[in-house]
>>> print(open('final31.txt').read())   # compact mmCIF, C-alpha atoms
# COMPACT_ATOMS: atom_id res chain seq x y z
CA MET Y 1 -80.55 86.48 -193.54
CA SER Y 2 -76.99 85.21 -193.57
CA GLU Y 3 -76.61 83.98 -189.99
CA VAL Y 4 -77.55 80.40 -190.83
CA SER Y 5 -74.28 79.09 -189.43
CA GLN Y 6 -74.85 80.87 -186.12
CA LYS Y 7 -78.26 79.34 -185.51
CA ARG Y 8 -78.39 76.56 -182.99
CA HIS Y 9 -79.61 73.31 -184.48
CA ALA Y 10 -82.59 71.74 -182.73
CA LEU Y 11 -80.49 68.66 -182.04
CA ALA Y 12 -77.19 70.42 -181.33
CA SER Y 13 -76.82 68.60 -178.02
CA PHE Y 14 -78.02 65.25 -179.30
CA PRO Y 15 -75.49 62.43 -178.83
CA GLY Y 16 -73.88 61.64 -182.16
CA TRP Y 17 -74.81 64.99 -183.67
CA GLN Y 18 -71.20 66.05 -184.15
CA GLY Y 19 -70.34 63.06 -186.30
CA ALA Y 20 -71.66 62.15 -189.69
CA GLY Y 21 -74.14 59.79 -188.10
CA ALA Y 22 -74.85 57.56 -185.18
CA GLN Y 23 -74.93 53.82 -185.44
CA ALA Y 24 -78.26 53.07 -183.81
CA ALA Y 25 -77.74 49.33 -184.12
CA PRO Y 26 -76.04 46.91 -186.48
CA GLY Y 27 -77.73 47.57 -189.79
CA VAL Y 28 -79.38 50.83 -188.77
CA GLN Y 29 -77.68 54.16 -189.34
CA LEU Y 30 -79.23 57.37 -188.03
CA GLU Y 31 -78.02 60.64 -189.46
CA ILE Y 32 -79.23 64.08 -188.39
CA SER Y 33 -79.27 66.50 -191.29
CA PRO Y 34 -77.85 69.97 -190.73
CA TYR Y 35 -80.05 72.98 -191.37
CA LEU Y 36 -82.24 72.79 -194.44
CA GLY Y 37 -84.60 75.33 -195.98
CA TYR Y 38 -88.32 74.49 -195.97
CA LEU Y 39 -91.17 76.17 -197.83
CA ASN Y 40 -94.84 75.26 -197.75
CA LEU Y 41 -96.66 75.97 -200.99
CA ARG Y 42 -100.39 75.81 -201.58
CA GLY Y 43 -102.36 76.40 -204.75
CA ASP Y 44 -104.96 74.89 -207.04
CA PRO Y 45 -103.54 71.92 -209.01
CA GLY Y 46 -106.48 72.25 -211.39
CA ASP Y 47 -105.20 75.67 -212.44
CA GLU Y 48 -102.96 75.14 -215.46
CA ARG Y 49 -101.42 78.61 -215.15
CA PHE Y 50 -100.40 77.98 -211.54
CA LEU Y 51 -98.72 74.68 -212.45
CA GLN Y 52 -96.89 76.18 -215.42
CA THR Y 53 -95.68 79.14 -213.37
CA ILE Y 54 -94.22 76.82 -210.73
CA HIS Y 55 -92.64 74.59 -213.36
CA ALA Y 56 -91.02 77.56 -215.06
CA ALA Y 57 -89.86 79.11 -211.77
CA LEU Y 58 -88.39 75.96 -210.21
CA GLY Y 59 -87.32 74.02 -213.26
CA GLN Y 60 -89.36 71.02 -212.17
CA PRO Y 61 -93.08 70.29 -212.05
CA LEU Y 62 -95.02 69.85 -208.81
CA PRO Y 63 -95.69 66.19 -208.04
CA LEU Y 64 -99.45 65.77 -208.56
CA VAL Y 65 -99.60 62.07 -207.73
CA ALA Y 66 -100.54 61.49 -204.10
CA ASN Y 67 -97.75 60.34 -201.76
CA THR Y 68 -94.87 61.05 -204.14
CA PHE Y 69 -91.96 63.48 -204.25
CA THR Y 70 -89.53 64.73 -206.86
CA LYS Y 71 -85.93 65.92 -206.58
CA ALA Y 72 -84.06 67.93 -209.18
CA LEU Y 73 -81.38 70.56 -209.65
CA ILE Y 74 -82.41 74.14 -209.01
CA PRO Y 75 -82.06 76.39 -212.09
CA GLN Y 76 -78.57 77.94 -212.12
CA GLU Y 77 -79.86 81.51 -212.14
CA ILE Y 78 -81.53 81.02 -208.72
CA ALA Y 79 -78.91 79.07 -206.81
CA GLN Y 80 -76.65 76.03 -206.79
CA GLY Y 81 -78.25 73.00 -205.22
CA HIS Y 82 -81.07 70.52 -205.22
CA LEU Y 83 -84.74 70.95 -204.48
CA SER Y 84 -87.07 68.23 -203.25
CA ILE Y 85 -90.81 68.73 -203.57
CA PHE Y 86 -93.04 66.54 -201.42
CA TRP Y 87 -96.77 66.05 -202.01
CA LEU Y 88 -98.54 66.84 -198.73
CA GLY Y 89 -102.15 67.04 -199.85
CA PRO Y 90 -104.29 67.68 -202.93
CA ASP Y 91 -103.28 71.36 -202.94
CA GLU Y 92 -100.22 71.46 -200.70
CA TRP Y 93 -96.51 70.78 -201.19
CA LEU Y 94 -93.33 70.97 -199.10
CA LEU Y 95 -90.19 72.33 -200.77
CA VAL Y 96 -86.89 71.33 -199.18
CA ALA Y 97 -83.56 72.78 -200.25
CA GLU Y 98 -80.07 73.41 -198.93
CA PRO Y 99 -79.89 76.10 -196.23
CA GLY Y 100 -80.15 79.67 -197.41
CA ILE Y 101 -81.47 78.74 -200.83
CA GLU Y 102 -85.09 78.85 -199.65
CA LYS Y 103 -84.91 82.64 -199.54
CA ALA Y 104 -83.97 82.84 -203.22
CA LEU Y 105 -86.59 80.23 -204.09
CA ALA Y 106 -89.31 82.02 -202.14
CA GLY Y 107 -88.36 85.32 -203.78
CA ARG Y 108 -88.54 83.80 -207.24
CA LEU Y 109 -91.87 82.09 -206.52
CA ARG Y 110 -93.44 85.24 -205.05
CA GLU Y 111 -92.30 87.23 -208.06
CA ASN Y 112 -93.66 84.75 -210.58
CA LEU Y 113 -96.88 84.00 -208.71
CA ALA Y 114 -97.78 87.65 -208.12
CA GLY Y 115 -101.49 88.13 -208.75
CA GLN Y 116 -102.22 84.41 -208.68
CA CYS Y 117 -104.06 82.68 -205.86
CA HIS Y 118 -101.49 80.84 -203.77
CA SER Y 119 -99.95 80.59 -200.31
CA LEU Y 120 -96.23 80.40 -199.62
CA THR Y 121 -94.90 80.01 -196.08
CA ASP Y 122 -91.30 79.77 -194.97
CA LEU Y 123 -91.06 76.92 -192.46
CA THR Y 124 -87.28 76.95 -192.16
CA GLY Y 125 -86.21 76.24 -188.62
CA ALA Y 126 -89.48 74.52 -187.77
CA GLN Y 127 -88.47 71.10 -189.00
CA VAL Y 128 -85.61 68.65 -188.73
CA LEU Y 129 -84.70 65.93 -191.19
CA LEU Y 130 -83.52 62.59 -189.81
CA ARG Y 131 -82.02 60.11 -192.24
CA LEU Y 132 -82.36 56.45 -191.42
CA SER Y 133 -80.57 53.89 -193.54
CA GLY Y 134 -79.28 50.36 -193.42
CA ASP Y 135 -80.59 46.84 -193.87
CA HIS Y 136 -82.74 47.01 -190.73
CA ALA Y 137 -84.07 50.55 -191.18
CA ARG Y 138 -87.52 49.19 -192.06
CA ASP Y 139 -87.59 47.06 -188.91
CA ALA Y 140 -86.59 50.02 -186.74
CA LEU Y 141 -89.41 52.13 -188.23
CA ALA Y 142 -91.94 49.32 -188.06
CA GLU Y 143 -91.71 49.39 -184.26
CA GLY Y 144 -93.63 52.66 -184.19
CA CYS Y 145 -95.00 53.43 -187.65
CA THR Y 146 -98.33 52.01 -188.81
CA LEU Y 147 -97.53 52.57 -192.48
CA ASP Y 148 -96.76 49.52 -194.60
CA LEU Y 149 -93.11 50.13 -195.54
CA HIS Y 150 -92.59 46.85 -197.39
CA PRO Y 151 -90.57 47.47 -200.59
CA LYS Y 152 -93.45 46.15 -202.69
CA VAL Y 153 -95.78 48.78 -201.23
CA PHE Y 154 -93.64 51.79 -200.31
CA LYS Y 155 -91.22 52.43 -203.17
CA THR Y 156 -88.43 54.88 -203.84
CA GLY Y 157 -89.95 58.23 -204.77
CA GLN Y 158 -92.90 57.80 -202.43
CA CYS Y 159 -93.58 59.86 -199.33
CA ALA Y 160 -96.33 59.91 -196.72
CA GLN Y 161 -97.41 61.94 -193.76
CA THR Y 162 -98.04 59.60 -190.90
CA THR Y 163 -97.05 59.05 -187.29
CA LEU Y 164 -93.91 57.59 -185.76
CA ALA Y 165 -94.35 56.66 -182.12
CA LYS Y 166 -97.19 59.23 -181.92
CA ALA Y 167 -95.14 62.07 -183.48
CA SER Y 168 -96.41 63.43 -186.80
CA ILE Y 169 -93.81 62.90 -189.49
CA LEU Y 170 -93.30 63.10 -193.22
CA ILE Y 171 -91.50 59.98 -194.33
CA ALA Y 172 -89.94 59.46 -197.75
CA LEU Y 173 -87.98 56.63 -199.31
CA THR Y 174 -85.12 58.28 -201.19
CA ASP Y 175 -83.12 55.19 -202.07
CA ASP Y 176 -83.62 51.42 -202.34
CA LEU Y 177 -80.72 50.74 -199.93
CA PRO Y 178 -83.01 51.65 -198.11
CA VAL Y 179 -82.63 55.29 -197.11
CA PHE Y 180 -85.58 56.91 -195.35
CA ASP Y 181 -85.86 60.65 -194.83
CA VAL Y 182 -87.99 61.46 -191.81
CA ILE Y 183 -89.02 65.11 -191.49
CA VAL Y 184 -90.31 65.93 -188.04
CA ARG Y 185 -91.29 69.11 -186.21
CA ARG Y 186 -88.43 70.77 -184.39
CA SER Y 187 -90.05 70.29 -180.99
CA PHE Y 188 -90.43 66.54 -181.62
CA ALA Y 189 -86.98 66.10 -183.18
CA GLY Y 190 -85.12 65.07 -180.03
CA TYR Y 191 -87.85 62.63 -179.10
CA ALA Y 192 -88.02 61.13 -182.59
CA ALA Y 193 -84.23 60.82 -182.89
CA LEU Y 194 -83.92 59.15 -179.47
CA TRP Y 195 -86.83 56.88 -180.26
CA LEU Y 196 -85.22 55.80 -183.54
CA GLN Y 197 -81.93 55.12 -181.75
CA HIS Y 198 -83.65 53.00 -179.12
CA SER Y 199 -85.86 51.27 -181.64
CA GLY Y 200 -82.81 50.35 -183.69
CA ALA Y 201 -81.00 49.09 -180.58
CA ASP Y 202 -83.87 46.73 -179.77
CA LEU Y 203 -83.46 44.77 -182.98
CA MET J 204 -106.82 48.15 -185.70
CA LEU J 205 -109.21 49.90 -188.07
CA LEU J 206 -108.12 50.92 -191.52
CA ILE J 207 -109.72 54.05 -192.94
CA LYS J 208 -109.48 55.12 -196.55
CA CYS J 209 -108.61 58.79 -196.97
CA PRO J 210 -109.88 59.93 -200.39
CA TRP J 211 -106.51 61.58 -201.04
CA CYS J 212 -103.81 59.58 -199.23
CA GLY J 213 -105.27 56.09 -199.45
CA THR J 214 -105.78 53.51 -196.73
CA ARG J 215 -104.21 54.39 -193.39
CA ASP J 216 -104.41 53.37 -189.77
CA GLU J 217 -107.28 54.75 -187.69
CA SER J 218 -104.80 56.46 -185.33
CA GLU J 219 -104.01 59.01 -188.07
CA PHE J 220 -107.61 60.25 -188.12
CA SER J 221 -109.92 62.26 -185.90
CA TYR J 222 -113.68 61.94 -185.76
CA GLY J 223 -115.84 64.95 -186.55
CA GLY J 224 -119.36 63.82 -185.75
CA GLU J 225 -122.40 63.29 -187.92
CA ALA J 226 -122.15 64.54 -191.51
CA ASP J 227 -124.61 66.64 -193.53
CA ILE J 228 -125.71 68.95 -190.72
CA ALA J 229 -126.44 72.25 -192.42
CA ARG J 230 -126.53 75.49 -190.47
CA PRO J 231 -130.02 77.05 -190.80
CA ALA J 232 -130.07 79.80 -193.41
CA THR J 233 -132.00 82.17 -191.15
CA PRO J 234 -131.04 81.47 -187.52
CA ASP J 235 -132.84 84.58 -186.24
CA THR J 236 -136.23 83.20 -187.26
CA LEU J 237 -135.82 79.87 -185.47
CA THR J 238 -137.57 78.97 -182.25
CA ASP J 239 -135.43 77.85 -179.32
CA ALA J 240 -136.55 74.29 -179.92
CA GLU J 241 -135.52 74.41 -183.58
CA TRP J 242 -132.16 75.93 -182.67
CA ALA J 243 -131.59 73.30 -180.00
CA ASP J 244 -132.49 70.64 -182.53
CA TYR J 245 -129.83 71.95 -184.92
CA LEU J 246 -127.21 72.31 -182.19
CA PHE J 247 -127.65 69.20 -180.11
CA MET J 248 -129.82 66.55 -181.70
CA ARG J 249 -127.93 63.82 -183.53
CA LYS J 250 -128.91 60.51 -185.07
CA ASN J 251 -127.70 57.43 -183.28
CA PRO J 252 -128.49 54.70 -185.76
CA ARG J 253 -127.85 51.02 -185.49
CA GLY J 254 -126.36 50.43 -188.91
CA LEU J 255 -125.08 52.83 -191.54
CA HIS J 256 -124.05 56.25 -190.26
CA ARG J 257 -122.65 59.10 -192.37
CA GLU J 258 -119.92 60.93 -190.48
CA GLN J 259 -117.10 63.42 -190.88
CA TRP J 260 -113.46 62.50 -190.38
CA VAL J 261 -110.24 64.45 -190.73
CA HIS J 262 -106.90 62.92 -191.71
CA ALA J 263 -105.22 64.74 -188.84
CA HIS J 264 -101.72 63.25 -189.15
CA GLY J 265 -101.82 63.00 -192.94
CA CYS J 266 -103.08 65.52 -195.46
CA ARG J 267 -105.22 67.29 -192.80
CA ARG J 268 -108.29 67.26 -195.08
CA TRP J 269 -111.88 66.59 -194.05
CA PHE J 270 -114.01 63.97 -195.74
CA VAL J 271 -117.27 62.14 -195.28
CA LEU J 272 -117.57 58.40 -194.90
CA GLU J 273 -120.22 55.88 -194.10
CA ARG J 274 -119.68 53.56 -191.17
CA ASP J 275 -121.75 50.63 -190.01
CA THR J 276 -122.08 51.20 -186.28
CA VAL J 277 -122.61 47.48 -185.68
CA THR J 278 -119.76 45.98 -187.70
CA TYR J 279 -117.46 49.02 -187.94
CA ARG J 280 -117.27 48.39 -191.67
CA PHE J 281 -116.38 51.58 -193.55
CA SER J 282 -117.88 52.13 -196.96
CA ALA J 283 -117.89 54.93 -199.51
CA THR J 284 -115.64 57.85 -198.63
CA ARG J 285 -115.97 61.10 -200.47
CA GLU J 286 -114.81 64.68 -200.39
CA PRO J 287 -117.09 67.03 -198.47
CA GLY J 288 -119.30 69.56 -200.20
>>> encode(input="final31.txt", output="structure tokens")
Amino acid sequence: MSEVSQKRHALASFPGWQGAGAQAAPGVQLEISPYLGYLNLRGDPGDERFLQTIHAALGQPLPLVANTFTKALIPQEIAQGHLSIFWLGPDEWLLVAEPGIEKALAGRLRENLAGQCHSLTDLTGAQVLLRLSGDHARDALAEGCTLDLHPKVFKTGQCAQTTLAKASILIALTDDLPVFDVIVRRSFAGYAALWLQHSGADL
Amino acid sequence: MLLIKCPWCGTRDESEFSYGGEADIARPATPDTLTDAEWADYLFMRKNPRGLHREQWVHAHGCRRWFVLERDTVTYRFSATREPG
């Protein structure tokens, strides 16, 4: 499908969407990512063949350590861009790539995994990525997230599925600045983005 | 606030979990041979101990996996968690 640019973003009417980001408060920057491609992959991490097939297909291994993610360049022959792989559970991962690329990735994975036990689901359009950064990003999140986000506990390269103000989210620390990526269901995206703006404003 | 240890994700807040009732209740192998009383016993009768209780929980807002843990119904102290099965 090539009509990515014609799709309406879940937060198209959200204040601040048009710009690069919205200043939620001094020290808290909220940025709404444009469309991204999402794939959910499940398989047995105890199966060496499965792991090797994925590694060969994507050019990077699946993160097997709980609550971690990896990010690397996608092999040139598939597409130009980066791929992040988030650990979701003992046999479940979320693949996030630039828009459009997920189709090529899914095609390559299906081809290479043919005959092997696995599950691959395209979740593109179902999720929205919110990027929260700035000195007070941790404080803004702490208002509604029960996870301990202290830099000694939650380090760059870690991710976790948890709740933010009662909405289920996947949160990941992508940079020490800090920069948090919050992936939330499309239907909760407006709520989560508004909540983060208000939470930041309270500080 | 209760902290519950998911065997996969680690220690998380209780609000991420859902309770699934008493653990280790096996469906009878031959339901058609049971009396009504035996069937009712399987369906409805549950322990209600004062003290250690083995129960099922699901990490609903995390990895969405089920597990079994032991809870002291008096002190709410959680002990040994393990994968089901």
>>> residues_around(input="final31.txt", residues="Gly213 of chain J", least_positions_apart="6", cutoff="9 Å", atoms="all atoms listed in the file", output="PyMOL selection string")
(chain Y and resi 66-67) or (chain J and resi 207)
>>> closest_atom_pairs(input="final31.txt", of="chain Y", to="chain J", cutoff="8 Å", atoms="all atoms listed in the file", output="tab-separated table")
residue	atom	partner	partner_atom	distance
Y:Ala66	CA	J:Cys212	CA	6.2
Y:Asn67	CA	J:Cys212	CA	6.6
Y:Leu88	CA	J:Cys266	CA	5.7
Y:Gly89	CA	J:Cys266	CA	4.7
Y:Pro90	CA	J:Trp211	CA	6.8
Y:Thr146	CA	J:Asp216	CA	6.3
Y:Leu147	CA	J:Arg215	CA	7.0
Y:Ala160	CA	J:Gly265	CA	7.3
Y:Gln161	CA	J:Gly265	CA	4.6
Y:Thr162	CA	J:His264	CA	5.5
Y:Thr163	CA	J:His264	CA	6.6
Y:Ser168	CA	J:His264	CA	5.8
Y:Ile169	CA	J:His264	CA	7.9
>>> residues_around(input="final31.txt", residues="segment 221-236 of chain J", least_positions_apart="2", cutoff="10 Å", atoms="all atoms listed in the file", output="MDAnalysis selection string")
chainID J and resid 217:219 238:239 241:242 245:246 249:251 256:264 267 269:273 287:288
>>> atom_distance(input="final31.txt", atom1="atom CA of Leu149 of chain Y", atom2="atom CA of Leu164 of chain Y")
12.3 Å
>>> residues_around(input="final31.txt", residues="Asp139 of chain Y", least_positions_apart="3", cutoff="8 Å", atoms="all atoms listed in the file", output="VMD selection string")
chain Y and resid 136 142 to 143 200 203
>>> write_last_selection(input="final31.txt", atoms="C-alpha atoms", output="PDB file, keeping the file's coordinate frame")
ATOM      1  CA  HIS Y 136     -82.740  47.010-190.730  1.00  0.00           C
ATOM      2  CA  ALA Y 142     -91.940  49.320-188.060  1.00  0.00           C
ATOM      3  CA  GLU Y 143     -91.710  49.390-184.260  1.00  0.00           C
ATOM      4  CA  GLY Y 200     -82.810  50.350-183.690  1.00  0.00           C
ATOM      5  CA  LEU Y 203     -83.460  44.770-182.980  1.00  0.00           C
TER       6      LEU Y 203
END
